[in-house]
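Okay, data_30.cif now, which holds mmCIF, C-alpha atoms:
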```cif
data_data
loop_
_atom_site.label_atom_id
_atom_site.label_comp_id
_atom_site.auth_asym_id
_atom_site.auth_seq_id
_atom_site.Cartn_x
_atom_site.Cartn_y
_atom_site.Cartn_z
CA MET C 1 -37.73 -22.10 36.55
CA LYS C 2 -35.65 -25.26 36.83
CA PRO C 3 -37.33 -28.60 36.32
CA LEU C 4 -37.98 -30.46 39.55
CA THR C 5 -35.67 -33.35 38.64
CA VAL C 6 -32.75 -31.04 37.97
CA ALA C 7 -33.28 -29.17 41.20
CA PHE C 8 -33.53 -32.44 43.09
CA ALA C 9 -30.35 -33.78 41.50
CA GLY C 10 -28.57 -30.55 42.39
CA THR C 11 -29.64 -30.93 46.00
CA LEU C 12 -28.39 -34.47 46.10
CA MET C 13 -25.06 -33.50 44.66
CA ASN C 14 -24.65 -30.91 47.40
CA SER C 15 -25.15 -33.18 50.38
CA SER C 16 -22.21 -33.23 52.75
CA ALA C 17 -21.16 -36.71 51.64
CA ASP C 18 -21.30 -35.70 47.98
CA LEU C 19 -19.30 -32.56 48.68
CA VAL C 20 -16.60 -34.62 50.38
CA THR C 21 -16.48 -36.99 47.40
CA ARG C 22 -16.23 -34.08 45.00
CA VAL C 23 -13.42 -32.48 47.00
CA CYS C 24 -11.53 -35.79 46.89
CA GLN C 25 -11.93 -35.71 43.11
CA GLY C 26 -10.32 -32.28 43.00
CA ASP C 27 -13.47 -30.14 42.81
CA SER C 28 -12.47 -26.86 44.43
CA ASP C 29 -16.02 -25.45 44.21
CA ALA C 30 -17.19 -28.26 46.49
CA PHE C 31 -14.68 -27.24 49.13
CA ARG C 32 -15.91 -23.68 48.91
CA LEU C 33 -19.45 -24.92 49.50
CA ILE C 34 -18.27 -26.84 52.56
CA PHE C 35 -16.63 -23.67 53.84
CA GLU C 36 -19.78 -21.62 53.25
CA ARG C 37 -21.91 -24.21 55.02
CA TYR C 38 -19.75 -24.86 58.06
CA SER C 39 -17.57 -21.80 58.58
CA ARG C 40 -20.13 -20.03 60.74
CA PRO C 41 -20.71 -22.83 63.28
CA VAL C 42 -17.01 -23.66 63.29
CA ILE C 43 -15.87 -20.10 63.96
CA SER C 44 -18.58 -19.69 66.62
CA PHE C 45 -17.49 -22.87 68.34
CA ILE C 46 -13.85 -21.78 68.25
CA TYR C 47 -14.72 -18.34 69.53
CA ASP C 48 -16.62 -19.92 72.42
CA MET C 49 -13.52 -21.92 73.16
CA VAL C 50 -10.87 -19.22 72.91
CA ASN C 51 -12.85 -16.03 73.58
CA ASP C 52 -10.70 -14.07 71.14
CA ARG C 53 -12.02 -13.00 67.77
CA ALA C 54 -8.71 -12.66 65.93
CA LEU C 55 -7.48 -15.95 67.30
CA ALA C 56 -10.77 -17.60 66.35
CA GLU C 57 -10.27 -16.47 62.75
CA GLU C 58 -6.74 -17.86 62.69
CA ILE C 59 -7.86 -21.18 64.13
CA THR C 60 -10.76 -21.38 61.69
CA GLN C 61 -8.35 -20.84 58.82
CA GLU C 62 -6.05 -23.56 60.10
CA THR C 63 -9.02 -25.86 60.68
CA PHE C 64 -10.18 -25.66 57.07
CA VAL C 65 -6.66 -25.94 55.68
CA ARG C 66 -6.11 -29.11 57.72
CA ALA C 67 -9.52 -30.40 56.71
CA TYR C 68 -8.73 -29.93 53.02
CA ARG C 69 -5.39 -31.68 53.30
CA SER C 70 -6.76 -34.70 55.13
CA ILE C 71 -10.26 -34.95 53.71
CA HIS C 72 -9.36 -38.09 51.75
CA THR C 73 -8.72 -39.83 55.10
CA MET C 74 -12.21 -39.07 56.37
CA ARG C 75 -14.24 -42.20 56.94
CA ALA C 76 -17.52 -42.53 55.11
CA GLU C 77 -19.54 -43.05 58.27
CA THR C 78 -18.24 -39.87 59.91
CA LYS C 79 -20.43 -36.79 59.86
CA LEU C 80 -18.68 -33.87 58.21
CA SER C 81 -19.71 -31.44 60.97
CA THR C 82 -18.42 -33.79 63.68
CA TRP C 83 -15.16 -34.23 61.81
CA LEU C 84 -14.70 -30.48 61.31
CA PHE C 85 -15.50 -29.74 64.96
CA GLY C 86 -12.96 -32.37 65.98
CA ILE C 87 -10.26 -30.68 63.92
CA ALA C 88 -11.30 -27.28 65.24
CA ARG C 89 -11.14 -28.54 68.81
CA ASN C 90 -7.62 -29.92 68.28
CA VAL C 91 -6.36 -26.75 66.63
CA ALA C 92 -7.92 -24.60 69.35
CA ARG C 93 -6.38 -26.74 72.04
CA GLU C 94 -2.93 -26.56 70.43
CA SER C 95 -3.26 -22.83 70.03
CA LEU C 96 -4.33 -22.26 73.63
CA ARG C 97 -1.46 -24.35 74.92
CA ALA C 98 1.03 -22.54 72.70
CA ARG C 99 -0.31 -19.26 74.00
CA ALA C 100 -0.06 -20.43 77.57
CA ARG C 101 3.52 -21.45 76.99
CA ALA C 102 4.25 -18.02 75.58
CA ASN C 103 2.76 -16.45 78.70
CA ASN C 104 0.08 -14.86 76.63
CA HIS C 105 -2.55 -17.18 77.97
CA ILE C 106 -6.13 -16.14 78.18
CA ASP C 107 -7.14 -15.45 81.73
CA LEU C 108 -9.84 -18.01 82.18
CA ALA C 109 -10.30 -17.17 85.85
CA ASP C 110 -11.52 -13.70 85.10
CA LYS C 111 -12.53 -12.08 88.40
CA SER C 112 -15.08 -9.93 86.66
CA VAL C 113 -17.11 -13.03 85.93
CA MET C 114 -17.57 -13.75 89.59
CA ASP C 115 -18.30 -10.12 90.28
CA LEU C 116 -21.40 -10.46 88.17
CA SER C 117 -22.78 -13.15 90.43
CA ASP C 118 -24.35 -10.85 92.92
CA ASN C 119 -27.90 -11.09 94.11
CA LYS C 120 -29.26 -7.99 92.46
CA PRO C 121 -32.36 -8.72 90.45
CA VAL C 122 -31.78 -7.73 86.88
CA PRO C 123 -34.53 -7.90 84.28
CA VAL C 124 -33.89 -10.51 81.64
CA ASP C 125 -35.30 -8.34 78.91
CA GLY C 126 -32.54 -5.83 79.41
CA LEU C 127 -29.89 -8.48 79.02
CA LEU C 128 -31.03 -10.25 75.95
CA SER C 129 -28.58 -8.61 73.69
CA LYS C 130 -25.11 -7.44 74.52
CA GLU C 131 -25.05 -7.97 78.27
CA LEU C 132 -26.37 -11.50 78.22
CA ASN C 133 -23.96 -12.43 75.50
CA ALA C 134 -21.09 -10.87 77.38
CA LEU C 135 -22.11 -12.63 80.57
CA ILE C 136 -22.38 -16.03 78.96
CA ARG C 137 -19.09 -15.49 77.18
CA ARG C 138 -17.31 -14.59 80.38
CA SER C 139 -18.94 -17.46 82.21
CA LEU C 140 -17.82 -19.83 79.50
CA ALA C 141 -14.29 -18.52 79.69
CA ALA C 142 -14.28 -19.22 83.41
CA LEU C 143 -14.98 -22.92 82.88
CA ASP C 144 -12.05 -25.26 82.61
CA GLU C 145 -11.23 -26.47 79.12
CA ASP C 146 -13.00 -29.84 79.15
CA LYS C 147 -16.18 -28.47 80.73
CA ARG C 148 -16.22 -25.54 78.32
CA LEU C 149 -15.80 -27.92 75.44
CA VAL C 150 -18.68 -30.25 76.29
CA PHE C 151 -20.95 -27.39 77.36
CA THR C 152 -20.32 -25.50 74.13
CA LEU C 153 -20.92 -28.55 71.98
CA LYS C 154 -24.05 -29.69 73.81
CA VAL C 155 -25.82 -26.51 74.85
CA LEU C 156 -24.68 -24.01 72.26
CA HIS C 157 -24.25 -26.29 69.24
CA GLN C 158 -26.81 -29.00 70.08
CA CYS C 159 -24.48 -31.91 69.40
CA SER C 160 -25.53 -35.34 70.61
CA TYR C 161 -23.55 -37.18 73.28
CA GLU C 162 -22.33 -39.53 70.59
CA GLU C 163 -21.08 -36.65 68.48
CA ILE C 164 -19.40 -35.00 71.46
CA ALA C 165 -17.65 -38.26 72.28
CA ALA C 166 -16.47 -38.48 68.67
CA ILE C 167 -15.24 -34.88 68.65
CA THR C 168 -13.55 -34.88 72.03
CA GLY C 169 -12.58 -38.50 72.47
CA PHE C 170 -14.09 -38.43 75.94
CA SER C 171 -15.91 -41.40 77.39
CA LEU C 172 -19.68 -41.11 77.82
CA ALA C 173 -19.30 -41.09 81.60
CA LYS C 174 -16.74 -38.28 81.56
CA LEU C 175 -18.69 -36.11 79.19
CA LYS C 176 -21.89 -36.54 81.25
CA THR C 177 -20.03 -35.58 84.42
CA ASP C 178 -18.31 -32.61 82.78
CA LEU C 179 -21.56 -31.45 81.25
CA HIS C 180 -23.43 -31.67 84.54
CA ARG C 181 -20.71 -29.70 86.35
CA ALA C 182 -20.47 -27.14 83.57
CA ARG C 183 -24.22 -26.59 83.71
CA ALA C 184 -24.08 -26.14 87.47
CA GLU C 185 -21.29 -23.56 87.20
CA MET C 186 -22.97 -21.69 84.40
CA ARG C 187 -26.25 -21.70 86.30
CA LYS C 188 -24.54 -20.25 89.31
CA ARG C 189 -23.14 -17.40 87.23
CA ILE C 190 -26.23 -16.48 85.29
CA SER C 191 -28.91 -17.26 87.88
CA PRO C 192 -29.20 -13.69 89.21
CA TYR C 193 -29.99 -12.55 85.69
CA ALA C 194 -32.15 -15.41 84.59
CA GLY C 195 -34.17 -15.79 87.70
CA VAL C 196 -33.19 -19.41 88.13
CA GLY C 197 -31.84 -20.65 91.39
CA TYR C 198 -32.78 -24.24 91.87
CA GLU C 199 -30.41 -26.97 92.91
CA VAL C 200 -30.18 -30.06 90.74
CA MET K 1 -39.74 -43.29 90.27
CA LYS K 2 -38.25 -41.38 93.19
CA CYS K 3 -37.65 -37.64 92.92
CA GLU K 4 -33.89 -38.07 93.50
CA VAL K 5 -33.65 -40.44 90.55
CA CYS K 6 -35.78 -38.16 88.42
CA LEU K 7 -33.66 -35.09 89.19
CA GLU K 8 -30.54 -37.08 88.37
CA LEU K 9 -31.90 -37.97 84.97
CA LEU K 10 -33.45 -34.59 84.28
CA GLU K 11 -30.61 -33.16 82.17
CA GLU K 12 -30.36 -36.27 80.03
CA TYR K 13 -34.14 -36.19 79.68
CA LEU K 14 -33.91 -32.59 78.49
CA ASP K 15 -31.13 -33.52 76.07
CA GLY K 16 -33.17 -36.43 74.72
CA GLU K 17 -30.36 -38.83 75.49
CA LEU K 18 -32.18 -41.26 77.79
CA PRO K 19 -33.15 -44.74 76.64
CA ALA K 20 -36.81 -44.94 75.68
CA PRO K 21 -38.03 -46.72 78.86
CA ASP K 22 -36.27 -44.19 81.15
CA GLN K 23 -37.53 -41.33 79.02
CA ALA K 24 -41.09 -42.58 79.46
CA GLN K 25 -40.70 -43.06 83.22
CA VAL K 26 -39.30 -39.55 83.76
CA GLY K 27 -42.09 -38.11 81.65
CA GLU K 28 -44.71 -39.87 83.75
CA HIS K 29 -43.05 -38.71 86.97
CA LEU K 30 -42.93 -35.08 85.80
CA ILE K 31 -46.66 -35.17 85.21
CA ALA K 32 -47.29 -36.46 88.70
CA CYS K 33 -44.63 -34.52 90.71
CA SER K 34 -44.94 -30.74 90.90
CA ASP K 35 -41.49 -30.20 92.50
CA CYS K 36 -39.66 -32.12 89.81
CA SER K 37 -41.84 -30.47 87.21
CA ALA K 38 -40.81 -27.04 88.53
CA SER K 39 -37.15 -28.05 88.38
CA PHE K 40 -37.60 -29.17 84.83
CA ALA K 41 -39.28 -25.87 83.94
CA GLU K 42 -36.29 -23.95 85.34
CA LEU K 43 -33.89 -26.16 83.43
CA THR K 44 -35.85 -25.55 80.26
CA ALA K 45 -35.84 -21.77 80.87
CA GLU K 46 -32.08 -21.87 81.38
CA GLN K 47 -31.70 -23.81 78.14
CA GLU K 48 -33.77 -21.21 76.33
CA LEU K 49 -31.58 -18.48 77.74
CA PHE K 50 -28.49 -20.16 76.36
CA ALA K 51 -30.28 -20.58 73.07
CA LEU K 52 -30.50 -16.80 72.88
CA TYR K 53 -26.77 -16.57 73.15
CA ASP K 54 -25.21 -15.43 69.95
CA ALA K 55 -21.49 -15.03 69.80
CA HIS K 56 -21.94 -12.48 67.01
CA VAL K 57 -19.01 -13.88 65.17
CA GLU K 58 -19.21 -13.15 61.50
CA VAL K 59 -17.04 -14.96 59.04
CA PRO K 60 -14.77 -12.28 57.59
CA PRO K 61 -14.79 -12.14 53.78
CA PHE K 62 -11.02 -12.45 53.55
CA LEU K 63 -11.02 -15.76 55.40
CA TRP K 64 -11.95 -17.79 52.34
CA THR K 65 -9.27 -16.02 50.27
CA ARG K 66 -6.66 -16.99 52.84
CA ILE K 67 -7.89 -20.56 53.08
CA ALA K 68 -8.13 -20.92 49.29
CA ALA K 69 -4.55 -19.72 48.94
CA HIS K 70 -3.42 -22.66 51.07
CA THR K 71 -5.82 -25.24 49.68
CA VAL K 72 -7.64 -25.17 46.34
CA ASP K 73 -5.42 -22.58 44.64
CA GLU K 74 -2.35 -24.54 45.66
CA GLY K 75 -3.91 -27.73 44.32
CA ASN K 76 -4.92 -26.16 41.01
CA GLY K 77 -1.47 -24.80 40.35
CA ALA K 78 0.54 -27.91 41.05
CA SER K 79 0.10 -31.60 40.60
CA ASN K 80 -1.80 -31.78 43.87
CA GLY K 81 -5.19 -31.80 42.17
CA TRP K 82 -4.05 -34.34 39.63
CA TYR K 83 -2.62 -36.51 42.38
CA ARG K 84 -5.83 -36.24 44.36
CA ARG K 85 -7.87 -37.25 41.33
CA VAL K 86 -5.67 -40.27 40.68
CA MET K 87 -5.80 -41.23 44.33
CA ALA K 88 -9.57 -40.82 44.32
CA ILE K 89 -9.83 -43.17 41.34
CA PHE K 90 -7.70 -45.80 43.04
CA ALA K 91 -9.59 -45.33 46.31
CA SER K 92 -12.37 -47.50 44.88
CA PRO K 93 -11.53 -51.22 45.03
CA VAL K 94 -13.51 -51.95 41.84
CA ALA K 95 -11.64 -49.23 39.95
CA SER K 96 -8.36 -50.56 41.27
CA ALA K 97 -9.20 -54.08 40.08
CA ILE K 98 -10.17 -52.80 36.62
CA ALA K 99 -6.96 -50.76 36.42
CA VAL K 100 -4.82 -53.77 37.33
CA LEU K 101 -6.67 -55.90 34.75
CA LEU K 102 -6.16 -53.31 31.99
CA LEU K 103 -2.50 -53.02 32.91
CA ALA K 104 -2.08 -56.79 32.69
CA ILE K 105 -3.78 -56.88 29.27
CA ALA K 106 -1.56 -54.06 28.01
CA VAL K 107 1.61 -55.81 29.21
CA GLY K 108 0.44 -59.06 27.60
CA LEU K 109 -0.23 -57.36 24.25
CA VAL K 110 3.17 -55.71 24.27
CA TYR K 111 4.78 -59.07 25.01
CA VAL K 112 2.89 -60.88 22.21
CA ILE K 113 3.68 -58.16 19.68
CA SER K 114 7.35 -58.14 20.61
CA ARG K 115 7.51 -61.94 20.16
CA GLN K 116 6.24 -61.87 16.55
CA PRO K 117 9.06 -62.23 13.92
CA ALA K 118 9.74 -59.27 11.68
CA PRO K 119 8.52 -59.77 8.07
CA LYS K 120 11.28 -60.61 5.61
CA PRO K 121 11.77 -58.18 2.78
CA THR K 122 10.67 -59.65 -0.54
CA VAL K 123 12.08 -57.01 -2.84
CA ALA K 124 15.79 -56.65 -3.36
CA GLU K 125 16.99 -53.40 -1.96
CA LYS K 126 18.79 -50.93 -4.15
CA PRO K 127 20.70 -48.80 -1.71
CA ASN K 128 22.96 -47.40 -4.41
CA ASN K 129 20.14 -45.94 -6.43
CA PRO K 130 20.90 -42.23 -6.29
CA THR K 131 17.72 -41.04 -7.90
CA LEU K 132 15.05 -42.14 -5.48
CA PRO K 133 15.44 -44.29 -2.40
CA ARG K 134 13.06 -47.13 -1.62
CA ASN K 135 11.43 -45.34 1.21
CA GLY K 136 9.98 -42.87 -1.21
CA THR K 137 11.73 -39.75 -0.01
CA ASP K 138 13.81 -37.80 -2.37
CA PRO K 139 17.07 -36.63 -0.79
CA ASN K 140 17.18 -33.79 -3.25
CA GLN K 141 13.93 -32.44 -1.92
CA ALA K 142 15.21 -32.42 1.61
CA GLY K 143 17.74 -29.78 0.77
CA GLY K 144 15.52 -27.97 -1.69
CA PRO K 145 13.15 -28.93 -4.42
CA LYS K 146 15.08 -27.51 -7.36
CA VAL K 147 17.61 -30.22 -8.13
CA ILE K 148 18.06 -31.35 -11.68
CA THR K 149 19.94 -34.42 -12.66
CA THR K 150 22.43 -33.97 -15.43
CA PRO K 151 22.69 -36.26 -18.46
CA GLU K 152 26.12 -37.37 -17.23
CA GLN K 153 24.57 -38.57 -14.02
CA ASP K 154 21.92 -40.42 -15.96
CA SER K 155 24.47 -42.10 -18.16
CA ARG K 156 26.46 -43.10 -15.10
CA LEU K 157 23.35 -44.60 -13.70
CA GLU K 158 22.79 -46.51 -16.85
CA VAL K 159 26.36 -47.77 -16.79
CA ALA K 160 26.08 -48.73 -13.16
CA SER K 161 22.85 -50.58 -13.69
CA HIS K 162 24.15 -52.45 -16.73
CA SER K 163 27.53 -53.30 -15.26
CA LYS K 164 25.96 -55.45 -12.55
CA PRO K 165 24.38 -58.80 -13.27
CA LYS K 166 20.69 -58.14 -13.57
CA PRO K 167 18.62 -60.38 -11.33
CA ARG K 168 15.21 -61.34 -12.50
CA TYR K 169 12.78 -58.82 -11.16
CA LYS K 170 10.58 -60.15 -8.41
CA PRO K 171 7.80 -57.77 -7.56
CA ALA K 172 7.07 -57.28 -3.93
CA THR K 173 4.24 -59.31 -2.48
CA ASN K 174 4.28 -57.77 0.96
CA ARG K 175 4.09 -54.04 0.66
CA THR K 176 4.48 -51.52 3.38
CA ALA K 177 1.78 -49.18 4.58
CA THR K 178 2.96 -46.46 2.22
CA ASP K 179 2.70 -48.74 -0.79
CA GLN K 180 0.71 -47.16 -3.58
CA SER K 181 1.31 -49.72 -6.29
CA ASP K 182 -2.27 -49.50 -7.44
CA VAL K 183 -1.51 -46.14 -8.98
CA LEU K 184 0.24 -47.48 -12.05
CA SER K 185 -0.29 -51.20 -12.08
CA THR K 186 -0.98 -54.06 -9.76
CA ASN K 187 1.61 -56.59 -8.73
CA LEU K 188 -0.09 -59.17 -10.88
CA GLY K 189 -0.06 -56.77 -13.77
CA TYR K 190 3.63 -57.08 -14.38
CA LEU K 191 4.39 -60.54 -13.10
CA ASP K 192 5.01 -61.73 -16.60
CA ILE K 193 7.09 -58.79 -17.70
CA ASP K 194 10.48 -59.98 -18.59
CA ASP K 195 11.84 -56.72 -19.63
CA LEU K 196 13.93 -55.67 -16.67
CA ASP K 197 14.24 -52.12 -17.85
CA THR K 198 10.51 -51.71 -18.05
CA ALA K 199 10.12 -53.12 -14.56
CA ARG K 200 12.79 -50.78 -13.29
CA HIS K 201 11.11 -47.79 -14.88
CA ILE K 202 7.79 -48.76 -13.43
CA GLU K 203 9.34 -49.00 -10.02
CA GLN K 204 11.07 -45.65 -10.44
CA SER K 205 7.80 -44.09 -11.52
CA GLN K 206 6.11 -45.51 -8.45
CA ASN K 207 8.84 -44.14 -6.25
CA LEU K 208 8.44 -40.80 -7.91
CA LEU K 209 4.73 -40.78 -7.23
CA ARG K 210 5.37 -41.78 -3.65
CA SER K 211 7.80 -38.94 -3.22
CA ILE K 212 5.26 -36.50 -4.63
CA ARG K 213 2.52 -37.77 -2.36
CA ASN K 214 4.74 -37.76 0.67
CA VAL K 215 5.64 -34.12 0.31
CA PRO K 216 4.12 -32.44 3.36
CA VAL K 217 1.27 -30.14 2.55
CA SER K 218 2.11 -26.61 3.51
CA ASP K 219 -0.36 -24.54 5.48
CA SER K 220 0.63 -21.47 3.58
CA ASP K 221 -0.53 -20.65 0.09
CA GLU K 222 2.92 -21.23 -1.44
CA GLU K 223 2.86 -23.50 -4.42
CA ILE K 224 5.01 -26.59 -4.39
CA ASP K 225 7.70 -26.50 -6.97
CA VAL K 226 7.32 -29.67 -9.02
CA THR K 227 9.52 -28.73 -11.94
CA TYR K 228 12.07 -31.30 -10.97
CA ASP K 229 9.46 -34.03 -10.59
CA LYS K 230 7.94 -33.17 -13.94
CA ALA K 231 11.33 -33.25 -15.66
CA LEU K 232 12.22 -36.55 -14.10
CA SER K 233 8.85 -38.00 -14.95
CA ARG K 234 9.15 -36.90 -18.54
CA HIS K 235 12.62 -38.38 -18.71
CA LEU K 236 11.47 -41.69 -17.32
CA LEU K 237 8.52 -41.82 -19.68
CA ASN K 238 10.79 -41.16 -22.63
CA GLU K 239 13.06 -43.98 -21.49
CA ASN K 240 10.04 -46.21 -21.28
CA VAL K 241 8.93 -45.36 -24.83
CA VAL K 242 12.42 -46.03 -26.20
#
```

As structure tokens - that is how I would like this structure written.
Amino acid sequence: MKPLTVAFAGTLMNSSADLVTRVCQGDSDAFRLIFERYSRPVISFIYDMVNDRALAEEITQETFVRAYRSIHTMRAETKLSTWLFGIARNVARESLRARARANNHIDLADKSVMDLSDNKPVPVDGLLSKELNALIRRSLAALDEDKRLVFTLKVLHQCSYEEIAAITGFSLAKLKTDLHRARAEMRKRISPYAGVGYEV
Amino acid sequence: MKCEVCLELLEEYLDGELPAPDQAQVGEHLIACSDCSASFAELTAEQELFALYDAHVEVPPFLWTRIAAHTVDEGNGASNGWYRRVMAIFASPVASAIAVLLLAIAVGLVYVISRQPAPKPTVAEKPNNPTLPRNGTDPNQAGGPKVITTPEQDSRLEVASHSKPKPRYKPATNRTATDQSDVLSTNLGYLDIDDLDTARHIEQSQNLLRSIRNVPVSDSDEEIDVTYDKALSRHLLNENVV
């Protein structure tokens, strides 16, 4: 069993700020730790944004490569997760636009999403796995890019408004408006399944 | 607080983003107003539903391999890592200041050393001495250790040394780092020696010892051939006795 002091020192050395410092000093193990810690939320966020698993993997790869190459420019006061999400958001945006230019764009206005918004009562218990996930995913894909971005960051990744503003570059007013509209649209799409139907 | 205002602030209240006074007011209103409270309950249920959402995206094992190939592996192979380390050192202002100070000290030392005059040689050089040069290396040993001087060569040396006017021997007072004069005698030991031949022999013997000591030690077990050195030493000693 390790002595308490050693274990405590090890924990300190593995804080996000310490990992960034170590990467700047050329410690490749530290970058691997950053990848292990943040790859899951980053790839989930990207997948929510692009709705394509293979593309999400590509964008995640590009995100971490860019992060490694510019980590020495990261400001000390910036949170590593916020910084990584910001890079991921930029890479995802570039990728989606490139795809759209190549006429391989993702069909965000998927008709099947709206088809789900009927008034049939569906038990929530039956949806809690694959169907609910599929419904939310399709509903997300139907949002426009900015709304999808703020909704994903706030509701699915529990970022604060401040963090969302840092990641997206949006003003507080815009992100509040986009978030409110995104919630309303999402509510409309999932309400038959969730049993919610109020108007806010 | 009116219900309209409360409903407007409900999402921010749920997100915990309201300023403390507004947060408290909405909380109080929700306790008192059943309609707003019901709306908040639905909003909370919706939030919980989204919390159940799991994109089921696993990080594929090959992803790190791909990323490493473009990042850490690249940096380890080239000067990237070294460059990053240097840049990281200079990123700190204190480290930069120390580095500049050290650099200034180093430049100053080099300047001071280069300004000092070179020491004048105190011993007359004998560049024509074919037996052993002043620097202690035997040219015969460079080509091979087994070189024997012939009596004719020795006699020529004798003739050459006697044909020139013999200056009074002045022993060196400022020896080089390789000086090993303490082996045979000290400088003071032969200050009063007037016999030039004796002084010359002593110097030759010292040179001989220097040459022996300066022979590089071989790593292998081969023995160093010192037959030449022994012969020369014996010859010089005999000259000294005569």

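Taking CA of Glu58 in chain C as the reference point, CA of Leu52 in chain K is found at 25.9 Å.
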
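Remark: for chain K, the closest of the candidate residues C:Ile59, C:Ile87, C:Val65, C:Ile167 is C:Val65 (distances computed over all atoms listed in the file).
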
Given the PyMOL selection byres ((chain K and resi 20-28) around 12), the residues it picks as a ChimeraX atom specification: /K:1-19,29-34,36-37,40

Starting from the shown file, work through the PyMOL selection byres ((chain C) within 7 of (chain K)) and note down what comes out as an MDAnalysis selection string. chainID C and resid 24:26 28 39:40 44 61 64:65 68 133 156 196 198 200

Write out, as a PDB file, keeping the file's coordinate frame, the residues just selected, with C-alpha atoms.
```pdb
ATOM      1  CA  CYS C  24     -11.530 -35.790  46.890  1.00  0.00           C
ATOM      2  CA  GLN C  25     -11.930 -35.710  43.110  1.00  0.00           C
ATOM      3  CA  GLY C  26     -10.320 -32.280  43.000  1.00  0.00           C
ATOM      4  CA  SER C  28     -12.470 -26.860  44.430  1.00  0.00           C
ATOM      5  CA  SER C  39     -17.570 -21.800  58.580  1.00  0.00           C
ATOM      6  CA  ARG C  40     -20.130 -20.030  60.740  1.00  0.00           C
ATOM      7  CA  SER C  44     -18.580 -19.690  66.620  1.00  0.00           C
ATOM      8  CA  GLN C  61      -8.350 -20.840  58.820  1.00  0.00           C
ATOM      9  CA  PHE C  64     -10.180 -25.660  57.070  1.00  0.00           C
ATOM     10  CA  VAL C  65      -6.660 -25.940  55.680  1.00  0.00           C
ATOM     11  CA  TYR C  68      -8.730 -29.930  53.020  1.00  0.00           C
ATOM     12  CA  ASN C 133     -23.960 -12.430  75.500  1.00  0.00           C
ATOM     13  CA  LEU C 156     -24.680 -24.010  72.260  1.00  0.00           C
ATOM     14  CA  VAL C 196     -33.190 -19.410  88.130  1.00  0.00           C
ATOM     15  CA  TYR C 198     -32.780 -24.240  91.870  1.00  0.00           C
ATOM     16  CA  VAL C 200     -30.180 -30.060  90.740  1.00  0.00           C
TER      17      VAL C 200
END
```

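Residue nearest Ile71 in chain C within the list C:Phe170, C:Phe151, C:Phe31, C:Phe85: C:Phe31 [criterion: smallest interatomic distance, only C-alpha atoms].
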
Would you translate the PyMOL selection byres ((chain C and resi 95-100) around 12) into the concrete set of residues it matches in this file, as a ChimeraX atom specification? /C:46-47,49-52,55-60,62-63,88-94,101-108,145

Choose the residue, out of C:Ser81, C:His72, C:Asp48, C:His157, that has the smallest atom-to-atom separation from Arg138 in chain C; count all atoms listed in the file. C:Asp48

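Rounded to one decimal, CA of Met74 in chain C and CA of Leu175 in chain C lie 23.9 Å from each other.
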
Straight-line distance linking CA of Arg148 in chain C with CA of Phe62 in chain K, stated in Å to one decimal: 28.5 Å

Please put the answer as lines of an AutoDock Vina configuration file: centre and edge lengths, in Å with one decimal, of a box along x, y and z that encloses all listed atoms of range 172-190 of chain C plus 5 Å on each side.
```
center_x = -21.5
center_y = -28.8
center_z = 83.6
size_x = 19.5
size_y = 34.6
size_z = 21.5
```
